[in-house]
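In what follows, a structure is listed as structure tokens, so that the remarks can point back to it.
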2 protein chains.
Amino acid sequence: MYYTEGLPVPETPSPGETPGPWERTDVVGKPRPRVDAYERVSGTAVYPSDIVLPRMLYGAILRCPHPHAQVKKVDTTAAEAPPRVRAVIGPGDPKTDLPWSFRDVKTTLFPKTCRFEGEPVAAVAAETLYQAWDAAGAVRVDYKVLPHVSDERRALEKDAPKVHENGNKLKTDTYSRGDVEKGFFEADVVLEQHYRTEAEVHTPLELHGCVANWDGDVLTIWESTQGVYAVQSRVAEVLGLPLSKVRVIGHYMGGGFGSKLQTSRYSIVAALLAKKTGRPVKSFLPREATFLAMGNRPPSNMTLKAGVKKDGTLTALSFTCLGTGGAYPAGGTSLVDWQIRDLYLCPHVRTECTDVYINAGPARPFRAPGHPQCSWALEQMLDALAEAIGMDPVALRLKNVPDYSQGREGNPPYTTTGLKQCFKEGARRFGWEKARRKTAGQEKKGHLRRGVGMAGSVWFVGGGGPPSTVILKLFSDGSANLNMGASDIGTGTKTVMAMVAAEELGLRPEMIRIEHADTGTTQYATPSGGSKTVPTEAPTVRDAAVQVKRRLLQMAAEEMDLPVEDLRYTGDDIVSRSRPDRRIRIVDISGLKRQGVVVGVGHRGPNPEKKTVNPFCAQFCEVEVNTRTGELRILRFLSTNESGRVMNRLTFDSQVIGGVTMGIGLAATEMRILDANRTGKMVNRNWHDYKLPTSLDVPADIVGVPIEMPDAEANISGAKGLGEPVTIPTAAAVANAVYDAVGIRITESPINPLKLSSLLEQQKKEG
Amino acid sequence: MYYTEGLPVPETPSPGETPGPWERTDVVGKPRPRVDAYERVSGTAVYPSDIVLPRMLYGAILRCPHPHAQVKKVDTTAAEAPPRVRAVIGPGDPKTDLPWSFRDVKTTLFPKTCRFEGEPVAAVAAETLYQAWDAAGAVRVDYKVLPHVSDERRALEKDAPKVHENGNKLKTDTYSRGDVEKGFFEADVVLEQHYRTEAEVHTPLELHGCVANWDGDVLTIWESTQGVYAVQSRVAEVLGLPLSKVRVIGHYMGGGFGSKLQTSRYSIVAALLAKKTGRPVKSFLPREATFLAMGNRPPSNMTLKAGVKKDGTLTALSFTCLGTGGAYPAGGTSLVDWQIRDLYLCPHVRTECTDVYINAGPARPFRAPGHPQCSWALEQMLDALAEAIGMDPVALRLKNVPDYSQGREGNPPYTTTGLKQCFKEGARRFGWEKARRKTAGQEKKGHLRRGVGMAGSVWFVGGGGPPSTVILKLFSDGSANLNMGASDIGTGTKTVMAMVAAEELGLRPEMIRIEHADTGTTQYATPSGGSKTVPTEAPTVRDAAVQVKRRLLQMAAEEMDLPVEDLRYTGDDIVSRSRPDRRIRIVDISGLKRQGVVVGVGHRGPNPEKKTVNPFCAQFCEVEVNTRTGELRILRFLSTNESGRVMNRLTFDSQVIGGVTMGIGLAATEMRILDANRTGKMVNRNWHDYKLPTSLDVPADIVGVPIEMPDAEANISGAKGLGEPVTIPTAAAVANAVYDAVGIRITESPINPLKLSSLLEQQKKEG
């Protein structure tokens, strides 16, 4: 009764046989609203921050107000005094001040030396949130404030204060192919330019935090996380528990953008407070703490030297970069040079990336970590080269698109490669040539100038991050339940997975219920990040659906007394191929009725294809600059994305709009401001002073154009990653459009009115 | 690191091969405390009644105060008036007064005609529990009180009020084999006796109830239930939802004894109130309502006529019974004649059981439904026959134990059959013959008389109730998570399953975490009832563990580059058979590390053995009767049980103590008292007036003696059911001991001081 009528269902492969790519689809690829849209917009969806448990306490963490300080003494007397405070924990107690590390760098939960503003110093649990905050505020701490270095450009200076005892340099990575000096020698034009991008903060709508509860020796944590299994393994490790005794539940999630890939000290602190009080503890951070301590896209200082022949052939790229991950290495490096190395065909390439420590919050992966920064340099340089040789920017890029006929530098061969199509179709749909002519010929008399710009990009992973296991249960009424360990962090993963299962089983997606990620009850998945959730989980879900079909076919074969090879699954029923009058409705199969459910276990192992799977993107935009005020209006944006098969046309558009919006933030509005010369403290630690792009900063006209190439080699769903590729070239495209409008190349982000008006003033003086 | 050292682990069968029975065990069968003992006794365990959700409301149901009444008018004005009342629902509204049925008998949620005291009339949701109760009390109902019949013995009288329009007779079941008249003719002694047992009420420690919450169109119910899948399917059916949109979660559970096998109207009502208010609703019944409406073991009126030869050979049994399921057929029939039909070898048997309606709460299955009642008649009759022919009661029973060499009456052949051993070993361990001589020879001068009695029984199912699917995840640190859809209703199922998985995988049971039953995230299982949970789930869990082992062996074979057949799983590691120096620790297998988990899916299909699987029991007790006061003290109890393999010696003992205690309740303390002649209302609807046996009514000396026969044919765990068999013969054994003490055969339960003192008085007069 729940089957969609009339949907043809693909043939089911025989047992053992791998299902081939869908030749055509009826559900996948169509625009489909979220399966949980109503819950999300009506307020009935329960997020971890909504969890309330009986007798639950509230936790609060006191954080160091200095970027660098010794904690000399912590006096908790005043904090413990109020009657409804249940626990205070802090440094020095071996039961609660456990070892903590950022990669190899060791510290503790409540360190004696705080190396960034916002490090935990003590924590309390109280009956209400406000009592908890009052108590945390009543902890008296004697700090010895130490000299700090909060600007990575000063970190390697001789007299710079040391963040760690062994100095401020973390590492330098180098890469080279060919001979760049030879390349520059062969070039007709060589340009060199310094670029900088400012630090951005993720600050997702849902705060970071968790609720922790002990059932005897079993710890359950409800956490706003991109990966429940990652939290489980870290918490188990720090608390010395077996994995089976730590259950992490995901629920709905209000965004992460990479900042919730990791486990934070607050989860351990909540577990310790819960243990100490024997009661559940909810510990969600205030907004300010997420600005300080929950990660950032760190600043990048880049110098790019490039050579090009008159015909547009790139001859050499030499790239150096100085970046920082803050006070600790936490995986949010700025130093990804992949655009330089892989986007264009260039025989001679050299990169050198140096990473230093500063007294600031640890960086965390931020939507395409390192890539938009690198694109900011490369794609502005490409524009400058094009201008220098008098070539159209799109033509220059097309000239240097690799032929992809084989893997590069010993890497496995590529699957689908749609970069050229992205450029061509994007230029066509945007009306690139006409728009360029129009801005070139615009009258210069008013104070408004228009410009168009574009940029391209590649994302360095796209084929997913197995392993993954999912379980699909088909109930006796034909409805289904999908049990998946991957988190839907707000991107619509559940909807896509419902569509995949629906496609394969001939169900309506609404009939499929998908459980939240939960290490206890759902199956293993890697964290939702790296634009790998759909390409990882979609083939796994399809595999599970195929298993269910096979089982139903076996049951029907027994019941109909026909060989299983003679049967065909149609969605509504199972039909004999040789005698089409013999058929049985799925919901009438007595084996299904007797068993109550049929279970399919889908699995995807590590890297099954041995292929290089890259998504590609090209973006085009038109801007208007007010030469009086320095204000920038972005008028329209077009993004062409080759991300394999489009799974859901609506979530495709959502990702494009979200990615472009974030890229506009990098280009034009966002920057973390540290008072580097005086206190070292962050001065814009809230949504008022830190400028996220709002709807007024973003054009209504953002168009996503899929370059659809179902990637059969990538996996049996045909999908590649989309969420990160779509934000990589945005900022560079905006900068190029600004140059086209007013002839000023803004190499340091953000392009805000303050900076732009001052540069326009300078241009006027010089002009 | 979590493996127990030195435990030998059985060989793993090759893929496809069914694992054989364990030849010896290291974990299974040993006494082992509950894996969740700490949670249960410390108060940290979350029961459904502990669930608190944000913005949760409290529901209350107004129940009909009459055993039979028409609901003429319901006025909710006063109930809706208070400011914190959020919803009132009642009869007549097609959105909330949905159709409801008990088997084939149709009614509605809020029926126009109430047929038992306690039927729902209206329901409210309010901000607090007390506001909800006040509001329910403020609903004004005009009842037309109808004549009632509350005694099944009057139900078929001509002038008896009709419970349903088509009369009070539900059905008569008959059975016969041989020719009973011939059998009585062949007998040397024929006795006939009338017996009666009173109705008992389950009244489990945890009240009945649930919390209901809607996430958009998905309904989640946290319910104190013996079977989450049973609740899911009924709720989906009544609300017209697909199964995938109803999630039922079990959590810890505080007892059911059969009363929580079914879905009740309160769950639907909570869902409707939650829908109407857009908020979660908690609806737990008050204790009184559980007495009235949540089931009972109904009264039985039995006449048994039996013939025996002088040598002890039973020749004929003729049994008639009048029982009732209350006002509606809800599965709690009193009419199970299995003891008569199957316990002893008897060629000529006839039974006739009539079931009638009365105006009382519907009966529900109650620990071994129908069996203790039937045993009350049969086992007292056996004692009377033994006395009549001058034979020892144990000897008489042994004379009539079937030889079990083949299935009876066309049934499949038996697996293990330990009835004879139960009698023999029980008599030996109890010191039966010496005790009988002692009571027979006791001086009659004081007011205290001792007596010993015994009884035997068979339970008519024991092999479990497939289908079942479980999922076992082995984490990379060697700890494990078991995902099982069967509820642990307090009997220790989880502990047994942890032991089974531990046995097979060589783990410590503490390293295995077992999730609560949950239709969303755990796998399919039938309800926990019928003493079938362990025999169903244990082989399923073992199957899953075997799958995990096989997968690990495959991974190790790949890594060690050895054929899988050459490898042996030892618990700690995997070793080459041919080159024992080549070994790899489980936690070092790189495939396990890479995958994060290894998943085993265990399955058990319907009735795989095609065997009759029966557990057997014999019980012996000693009592002391105070002939002045009529008080009965039960001094010691011994229960011999053949239930296949003992899985956990501690839970075996718990089941024995619990079953004997409940049997003592039937024998001596419990009876539902209906004011049948006047109001028809139940007069002892609380724990004060309704006499559950307390620790003062139960001997400290209750000994369980397992007759251990690992039932390899039943399933690969060797277990058969235990929980119900152990309560069947208890009441009869007590009655037989009372007869042995004072020479009074008490055929009507309970043997309370009121009844016993009056019979002693009568005996004195007659004597």
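In the structure tokens, chains take the letters A, B, ... in the order shown, each chain's residues start at 1, and ligands count up from 1 in the order shown.
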- Find the residues near Leu129 in chain A: any atom within 10 Å, counting only C-alpha atoms, skip ones fewer than 2 places away on the same chain, and give them as an MDAnalysis selection string. chainID A and resid 57:60 125:127 131:135 282:284
- Find the residues in chain B near chain A: any atom within 7 Å counts, using only C-alpha atoms. Write them as a ChimeraX atom specification. /B:38-39,44-45,50-54,215-216,242-245,467,475,477,479-481,483,511-513,515,520-522,524,595,597
Compile the contact shell of Ala435 in chain A as a tab-separated table (two decimals) with all heavy atoms, in the first residue's frame: residues with an atom at most 12 Å away, counting only C-alpha atoms, same-chain residues fewer than 5 positions apart removed.
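What ended up in out-v7.tsv:
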```tsv
chain	number	residue	atom	x	y	z
A	427	ALA	N	30.48	29.82	-18.57
A	427	ALA	CA	30.63	31.06	-19.35
A	427	ALA	C	29.41	31.28	-20.23
A	427	ALA	O	28.91	32.40	-20.37
A	427	ALA	CB	31.90	30.96	-20.19
A	428	ARG	N	28.91	30.19	-20.80
A	428	ARG	CA	27.76	30.30	-21.69
A	428	ARG	C	26.51	30.74	-20.92
A	428	ARG	O	25.83	31.71	-21.28
A	428	ARG	CB	27.50	28.94	-22.37
A	428	ARG	CG	26.49	28.98	-23.51
A	428	ARG	CD	26.20	27.60	-24.07
A	428	ARG	NE	25.40	26.78	-23.17
A	428	ARG	CZ	24.08	26.93	-22.99
A	428	ARG	NH1	23.43	27.86	-23.63
A	428	ARG	NH2	23.43	26.15	-22.13
A	429	ARG	N	26.26	30.04	-19.80
A	429	ARG	CA	25.05	30.35	-19.03
A	429	ARG	C	25.12	31.73	-18.38
A	429	ARG	O	24.12	32.41	-18.20
A	429	ARG	CB	24.83	29.29	-17.94
A	429	ARG	CG	24.45	27.93	-18.47
A	429	ARG	CD	22.99	27.90	-18.90
A	429	ARG	NE	22.10	28.04	-17.77
A	429	ARG	CZ	21.58	27.02	-17.08
A	429	ARG	NH1	21.83	25.79	-17.45
A	429	ARG	NH2	20.79	27.25	-16.04
A	430	PHE	N	26.34	32.15	-17.99
A	430	PHE	CA	26.50	33.45	-17.35
A	430	PHE	C	26.44	34.58	-18.37
A	430	PHE	O	26.13	35.72	-18.04
A	430	PHE	CB	27.86	33.49	-16.62
A	430	PHE	CG	28.10	34.74	-15.82
A	430	PHE	CD1	27.53	34.89	-14.56
A	430	PHE	CD2	28.90	35.77	-16.31
A	430	PHE	CE1	27.75	36.04	-13.80
A	430	PHE	CE2	29.12	36.93	-15.56
A	430	PHE	CZ	28.55	37.06	-14.31
A	440	ALA	N	33.64	46.42	-19.67
A	440	ALA	CA	34.79	47.11	-20.26
A	440	ALA	C	34.34	48.44	-20.88
A	440	ALA	O	35.06	49.44	-20.83
A	440	ALA	CB	35.44	46.22	-21.32
A	441	GLY	N	33.13	48.41	-21.41
A	441	GLY	CA	32.69	49.62	-22.11
A	441	GLY	C	31.84	50.55	-21.28
A	441	GLY	O	31.26	51.52	-21.79
A	442	GLN	N	31.74	50.27	-19.96
A	442	GLN	CA	30.82	51.10	-19.16
A	442	GLN	C	31.33	52.52	-19.02
A	442	GLN	O	32.53	52.79	-19.01
A	442	GLN	CB	30.57	50.47	-17.78
A	442	GLN	CG	31.78	50.48	-16.85
A	442	GLN	CD	31.55	49.66	-15.58
A	442	GLN	OE1	30.55	49.85	-14.92
A	442	GLN	NE2	32.47	48.77	-15.28
A	450	ARG	N	30.47	48.53	-12.44
A	450	ARG	CA	30.21	47.09	-12.46
A	450	ARG	C	31.43	46.32	-12.94
A	450	ARG	O	32.24	46.85	-13.70
A	450	ARG	CB	29.05	46.80	-13.41
A	450	ARG	CG	27.74	47.35	-12.87
A	450	ARG	CD	26.60	46.44	-13.18
A	450	ARG	NE	25.41	46.91	-12.47
A	450	ARG	CZ	24.21	46.37	-12.66
A	450	ARG	NH1	24.04	45.38	-13.51
A	450	ARG	NH2	23.18	46.83	-11.98
A	451	GLY	N	31.52	45.08	-12.48
A	451	GLY	CA	32.59	44.23	-12.95
A	451	GLY	C	32.17	42.77	-12.91
A	451	GLY	O	31.27	42.40	-12.15
A	452	VAL	N	32.79	41.95	-13.75
A	452	VAL	CA	32.52	40.51	-13.69
A	452	VAL	C	33.83	39.78	-13.45
A	452	VAL	O	34.90	40.23	-13.86
A	452	VAL	CB	31.84	39.98	-14.98
A	452	VAL	CG1	30.42	40.50	-15.11
A	452	VAL	CG2	32.64	40.32	-16.22
A	453	GLY	N	33.71	38.66	-12.75
A	453	GLY	CA	34.90	37.88	-12.44
A	453	GLY	C	34.55	36.41	-12.42
A	453	GLY	O	33.38	36.03	-12.34
A	454	MET	N	35.58	35.59	-12.52
A	454	MET	CA	35.33	34.15	-12.48
A	454	MET	C	36.55	33.45	-11.88
A	454	MET	O	37.62	34.05	-11.74
A	454	MET	CB	34.99	33.60	-13.87
A	454	MET	CG	35.96	33.87	-15.00
A	454	MET	SD	37.43	32.81	-14.96
A	454	MET	CE	36.67	31.22	-15.09
A	620	PHE	N	31.19	32.25	-11.60
A	620	PHE	CA	31.13	33.53	-12.32
A	620	PHE	C	30.27	34.48	-11.51
A	620	PHE	O	29.22	34.07	-11.00
A	620	PHE	CB	30.50	33.32	-13.71
A	620	PHE	CG	31.28	32.38	-14.59
A	620	PHE	CD1	31.17	31.00	-14.42
A	620	PHE	CD2	32.14	32.87	-15.56
A	620	PHE	CE1	31.89	30.14	-15.22
A	620	PHE	CE2	32.87	32.00	-16.36
A	620	PHE	CZ	32.75	30.63	-16.19
A	621	CYS	N	30.70	35.73	-11.41
A	621	CYS	CA	29.86	36.66	-10.67
A	621	CYS	C	29.94	38.07	-11.26
A	621	CYS	O	30.88	38.41	-11.99
A	621	CYS	CB	30.22	36.68	-9.19
A	621	CYS	SG	31.81	37.41	-8.83
A	622	GLU	N	28.96	38.85	-10.93
A	622	GLU	CA	28.93	40.26	-11.32
A	622	GLU	C	28.76	41.09	-10.06
A	622	GLU	O	27.94	40.77	-9.20
A	622	GLU	CB	27.77	40.53	-12.28
A	622	GLU	CG	27.73	41.98	-12.74
A	622	GLU	CD	26.88	42.19	-13.99
A	622	GLU	OE1	26.25	41.22	-14.46
A	622	GLU	OE2	26.85	43.33	-14.50
A	623	VAL	N	29.59	42.16	-9.95
A	623	VAL	CA	29.54	42.99	-8.74
A	623	VAL	C	29.36	44.45	-9.15
A	623	VAL	O	29.55	44.84	-10.30
A	623	VAL	CB	30.83	42.86	-7.90
A	623	VAL	CG1	31.10	41.41	-7.54
A	623	VAL	CG2	32.03	43.47	-8.62
A	636	ARG	N	25.06	39.06	-8.91
A	636	ARG	CA	24.61	37.73	-9.31
A	636	ARG	C	25.79	36.76	-9.28
A	636	ARG	O	26.96	37.17	-9.39
A	636	ARG	CB	23.94	37.74	-10.69
A	636	ARG	CG	24.84	38.15	-11.83
A	636	ARG	CD	24.04	38.28	-13.13
A	636	ARG	NE	24.88	38.71	-14.23
A	636	ARG	CZ	25.19	37.95	-15.30
A	636	ARG	NH1	24.69	36.74	-15.42
A	636	ARG	NH2	25.96	38.42	-16.26
A	737	ALA	N	36.20	40.14	-9.96
A	737	ALA	CA	35.13	41.02	-10.45
A	737	ALA	C	35.35	42.44	-9.96
A	737	ALA	O	35.09	43.42	-10.69
A	737	ALA	CB	33.77	40.50	-9.98
A	740	ASP	N	37.83	43.93	-12.14
A	740	ASP	CA	37.20	44.27	-13.42
A	740	ASP	C	36.39	45.57	-13.30
A	740	ASP	O	36.33	46.36	-14.24
A	740	ASP	CB	36.30	43.12	-13.86
A	740	ASP	CG	35.71	43.33	-15.26
A	740	ASP	OD1	36.49	43.66	-16.18
A	740	ASP	OD2	34.49	43.18	-15.43
A	741	ALA	N	35.83	45.80	-12.12
A	741	ALA	CA	34.99	46.98	-11.94
A	741	ALA	C	35.81	48.25	-11.77
A	741	ALA	O	35.53	49.28	-12.40
A	741	ALA	CB	34.08	46.78	-10.72
```
- Message: As an exercise, work out the distance from CA of Val269 in chain B to CA of Leu98 in chain B in Å and give it to one decimal place.
- Response: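 Result for CA of Val269 in chain B versus CA of Leu98 in chain B: 9.5 Å, one decimal.
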- Task: Give me the residues within 6 Å of Pro699 in chain B as an NGL selection string, counting only C-alpha atoms and dropping any in the same chain fewer than 2 places off.
- Result: :B and (634-636 or 701)
Write the residues of the selection above to a file with all heavy atoms, as a PDB file, in the first residue's frame.
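Contents of the output file selection27.pdb:
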```
ATOM      1  N   ILE B 634       5.106 -21.528  55.075  1.00  0.00           N
ATOM      2  CA  ILE B 634       5.811 -22.408  54.144  1.00  0.00           C
ATOM      3  C   ILE B 634       7.272 -22.412  54.571  1.00  0.00           C
ATOM      4  O   ILE B 634       7.935 -21.384  54.583  1.00  0.00           O
ATOM      5  CB  ILE B 634       5.607 -21.926  52.703  1.00  0.00           C
ATOM      6  CG1 ILE B 634       4.105 -21.981  52.376  1.00  0.00           C
ATOM      7  CG2 ILE B 634       6.400 -22.789  51.724  1.00  0.00           C
ATOM      8  CD1 ILE B 634       3.703 -21.216  51.159  1.00  0.00           C
ATOM      9  N   LEU B 635       7.755 -23.588  54.956  1.00  0.00           N
ATOM     10  CA  LEU B 635       9.061 -23.655  55.611  1.00  0.00           C
ATOM     11  C   LEU B 635      10.211 -23.793  54.623  1.00  0.00           C
ATOM     12  O   LEU B 635      11.259 -23.216  54.798  1.00  0.00           O
ATOM     13  CB  LEU B 635       9.080 -24.837  56.586  1.00  0.00           C
ATOM     14  CG  LEU B 635       7.988 -24.773  57.666  1.00  0.00           C
ATOM     15  CD1 LEU B 635       7.972 -26.083  58.459  1.00  0.00           C
ATOM     16  CD2 LEU B 635       8.213 -23.594  58.596  1.00  0.00           C
ATOM     17  N   ARG B 636       9.987 -24.598  53.604  1.00  0.00           N
ATOM     18  CA  ARG B 636      11.073 -24.763  52.615  1.00  0.00           C
ATOM     19  C   ARG B 636      10.484 -25.233  51.304  1.00  0.00           C
ATOM     20  O   ARG B 636       9.415 -25.834  51.254  1.00  0.00           O
ATOM     21  CB  ARG B 636      12.161 -25.728  53.114  1.00  0.00           C
ATOM     22  CG  ARG B 636      11.681 -27.152  53.356  1.00  0.00           C
ATOM     23  CD  ARG B 636      12.789 -27.998  54.001  1.00  0.00           C
ATOM     24  NE  ARG B 636      12.326 -29.358  54.255  1.00  0.00           N
ATOM     25  CZ  ARG B 636      12.796 -30.434  53.613  1.00  0.00           C
ATOM     26  NH1 ARG B 636      13.733 -30.323  52.691  1.00  0.00           N
ATOM     27  NH2 ARG B 636      12.331 -31.647  53.882  1.00  0.00           N
ATOM     28  N   ASP B 701      14.272 -20.437  52.474  1.00  0.00           N
ATOM     29  CA  ASP B 701      14.877 -21.656  51.955  1.00  0.00           C
ATOM     30  C   ASP B 701      14.151 -22.106  50.676  1.00  0.00           C
ATOM     31  O   ASP B 701      13.320 -23.004  50.708  1.00  0.00           O
ATOM     32  CB  ASP B 701      14.820 -22.727  53.063  1.00  0.00           C
ATOM     33  CG  ASP B 701      15.483 -24.026  52.649  1.00  0.00           C
ATOM     34  OD1 ASP B 701      16.096 -24.060  51.566  1.00  0.00           O
ATOM     35  OD2 ASP B 701      15.375 -24.997  53.408  1.00  0.00           O
TER      36      ASP B 701
END
```
- Task: Could you find all residues in range 540-660 of chain B that DSSP calls strand (DSSP E) from the backbone, and write them as an MDAnalysis selection string?
- Result: chainID B and resid 567:569 573:576 583:585 597:604 616:626 632:642
Keeping N, CA and C atoms for every residue in the selection just given, could you write it to a file as a short mmCIF file (atom, residue, chain, number, x, y, z; two decimals), in the first residue's frame?
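Resulting contents of selection-v6.cif:
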```cif
data_model
loop_
_atom_site.label_atom_id
_atom_site.label_comp_id
_atom_site.auth_asym_id
_atom_site.auth_seq_id
_atom_site.Cartn_x
_atom_site.Cartn_y
_atom_site.Cartn_z
N LEU B 567 43.59 -21.31 10.08
CA LEU B 567 43.61 -20.40 11.23
C LEU B 567 42.62 -20.84 12.31
N ARG B 568 42.99 -20.51 13.53
CA ARG B 568 42.18 -20.87 14.67
C ARG B 568 42.01 -19.62 15.53
N TYR B 569 40.79 -19.39 16.00
CA TYR B 569 40.47 -18.22 16.83
C TYR B 569 40.61 -18.65 18.28
N ASP B 573 43.80 -14.10 20.22
CA ASP B 573 44.42 -13.92 18.92
C ASP B 573 43.98 -15.01 17.96
N ILE B 574 44.52 -14.92 16.78
CA ILE B 574 44.25 -15.91 15.74
C ILE B 574 45.59 -16.55 15.39
N VAL B 575 45.60 -17.88 15.42
CA VAL B 575 46.84 -18.64 15.33
C VAL B 575 46.78 -19.59 14.15
N SER B 576 47.92 -19.77 13.51
CA SER B 576 48.02 -20.76 12.45
C SER B 576 48.05 -22.16 13.07
N ARG B 583 50.97 -15.91 14.54
CA ARG B 583 49.72 -15.52 15.20
C ARG B 583 49.57 -14.02 15.14
N ILE B 584 48.33 -13.55 15.29
CA ILE B 584 48.10 -12.11 15.31
C ILE B 584 47.05 -11.83 16.39
N ARG B 585 47.32 -10.79 17.19
CA ARG B 585 46.33 -10.41 18.20
C ARG B 585 45.10 -9.81 17.50
N VAL B 597 34.92 -1.25 13.12
CA VAL B 597 34.12 -2.32 13.72
C VAL B 597 34.04 -3.50 12.77
N VAL B 598 33.78 -4.67 13.35
CA VAL B 598 33.36 -5.82 12.54
C VAL B 598 31.95 -6.16 12.98
N VAL B 599 31.08 -6.34 12.01
CA VAL B 599 29.66 -6.54 12.29
C VAL B 599 29.27 -7.98 11.99
N GLY B 600 28.59 -8.61 12.94
CA GLY B 600 28.00 -9.93 12.70
C GLY B 600 26.50 -9.84 12.82
N VAL B 601 25.81 -10.38 11.83
CA VAL B 601 24.34 -10.38 11.87
C VAL B 601 23.90 -11.81 12.17
N GLY B 602 23.26 -11.98 13.32
CA GLY B 602 22.76 -13.30 13.69
C GLY B 602 21.29 -13.41 13.37
N HIS B 603 20.89 -14.59 12.96
CA HIS B 603 19.48 -14.76 12.60
C HIS B 603 18.99 -16.13 13.06
N ARG B 604 17.74 -16.15 13.46
CA ARG B 604 17.10 -17.43 13.75
C ARG B 604 15.71 -17.37 13.15
N PHE B 616 10.44 -29.12 31.89
CA PHE B 616 9.74 -29.90 32.92
C PHE B 616 10.14 -29.42 34.30
N CYS B 617 9.27 -29.70 35.26
CA CYS B 617 9.53 -29.22 36.62
C CYS B 617 8.88 -30.14 37.64
N ALA B 618 9.54 -30.31 38.79
CA ALA B 618 8.90 -30.96 39.92
C ALA B 618 9.26 -30.17 41.17
N GLN B 619 8.28 -29.95 42.02
CA GLN B 619 8.53 -29.13 43.22
C GLN B 619 8.10 -29.87 44.48
N PHE B 620 8.83 -29.55 45.54
CA PHE B 620 8.61 -30.19 46.83
C PHE B 620 8.60 -29.11 47.90
N CYS B 621 7.68 -29.21 48.85
CA CYS B 621 7.71 -28.19 49.90
C CYS B 621 7.27 -28.77 51.25
N GLU B 622 7.64 -28.03 52.26
CA GLU B 622 7.23 -28.40 53.62
C GLU B 622 6.53 -27.19 54.22
N VAL B 623 5.37 -27.46 54.87
CA VAL B 623 4.61 -26.35 55.45
C VAL B 623 4.30 -26.65 56.92
N GLU B 624 3.88 -25.60 57.57
CA GLU B 624 3.43 -25.75 58.96
C GLU B 624 2.11 -25.01 59.09
N VAL B 625 1.09 -25.70 59.60
CA VAL B 625 -0.22 -25.08 59.77
C VAL B 625 -0.46 -24.87 61.27
N ASN B 626 -0.89 -23.65 61.57
CA ASN B 626 -1.30 -23.35 62.93
C ASN B 626 -2.78 -23.67 63.04
N LEU B 632 -0.73 -20.33 57.74
CA LEU B 632 0.10 -21.27 57.00
C LEU B 632 1.50 -20.70 56.89
N ARG B 633 2.50 -21.48 57.33
CA ARG B 633 3.89 -21.08 57.08
C ARG B 633 4.51 -22.06 56.11
N ILE B 634 5.11 -21.53 55.08
CA ILE B 634 5.81 -22.41 54.14
C ILE B 634 7.27 -22.41 54.57
N LEU B 635 7.76 -23.59 54.96
CA LEU B 635 9.06 -23.66 55.61
C LEU B 635 10.21 -23.79 54.62
N ARG B 636 9.99 -24.60 53.60
CA ARG B 636 11.07 -24.76 52.61
C ARG B 636 10.48 -25.23 51.30
N PHE B 637 11.21 -24.90 50.26
CA PHE B 637 10.73 -25.20 48.92
C PHE B 637 11.91 -25.67 48.09
N LEU B 638 11.68 -26.69 47.28
CA LEU B 638 12.73 -27.15 46.38
C LEU B 638 12.11 -27.33 44.99
N SER B 639 12.77 -26.77 44.00
CA SER B 639 12.27 -26.87 42.63
C SER B 639 13.32 -27.50 41.76
N THR B 640 12.96 -28.62 41.13
CA THR B 640 13.88 -29.21 40.14
C THR B 640 13.34 -28.85 38.77
N ASN B 641 14.22 -28.30 37.95
CA ASN B 641 13.79 -27.85 36.63
C ASN B 641 14.68 -28.40 35.55
N GLU B 642 14.06 -29.02 34.58
CA GLU B 642 14.80 -29.41 33.38
C GLU B 642 14.42 -28.41 32.31
#
```
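Running DSSP on the backbone and keeping only alpha helix (DSSP H), the residues of range 518-585 of chain B that qualify are B:Thr533, B:Val534, B:Pro535, B:Thr536, B:Glu537, B:Ala538, B:Pro539, B:Thr540, B:Val541, B:Arg542, B:Asp543, B:Ala544, B:Ala545, B:Val546, B:Gln547, B:Val548, B:Lys549, B:Arg550, B:Arg551, B:Leu552, B:Leu553, B:Gln554, B:Met555, B:Ala556, B:Ala557, B:Glu558, B:Glu559, B:Met560.
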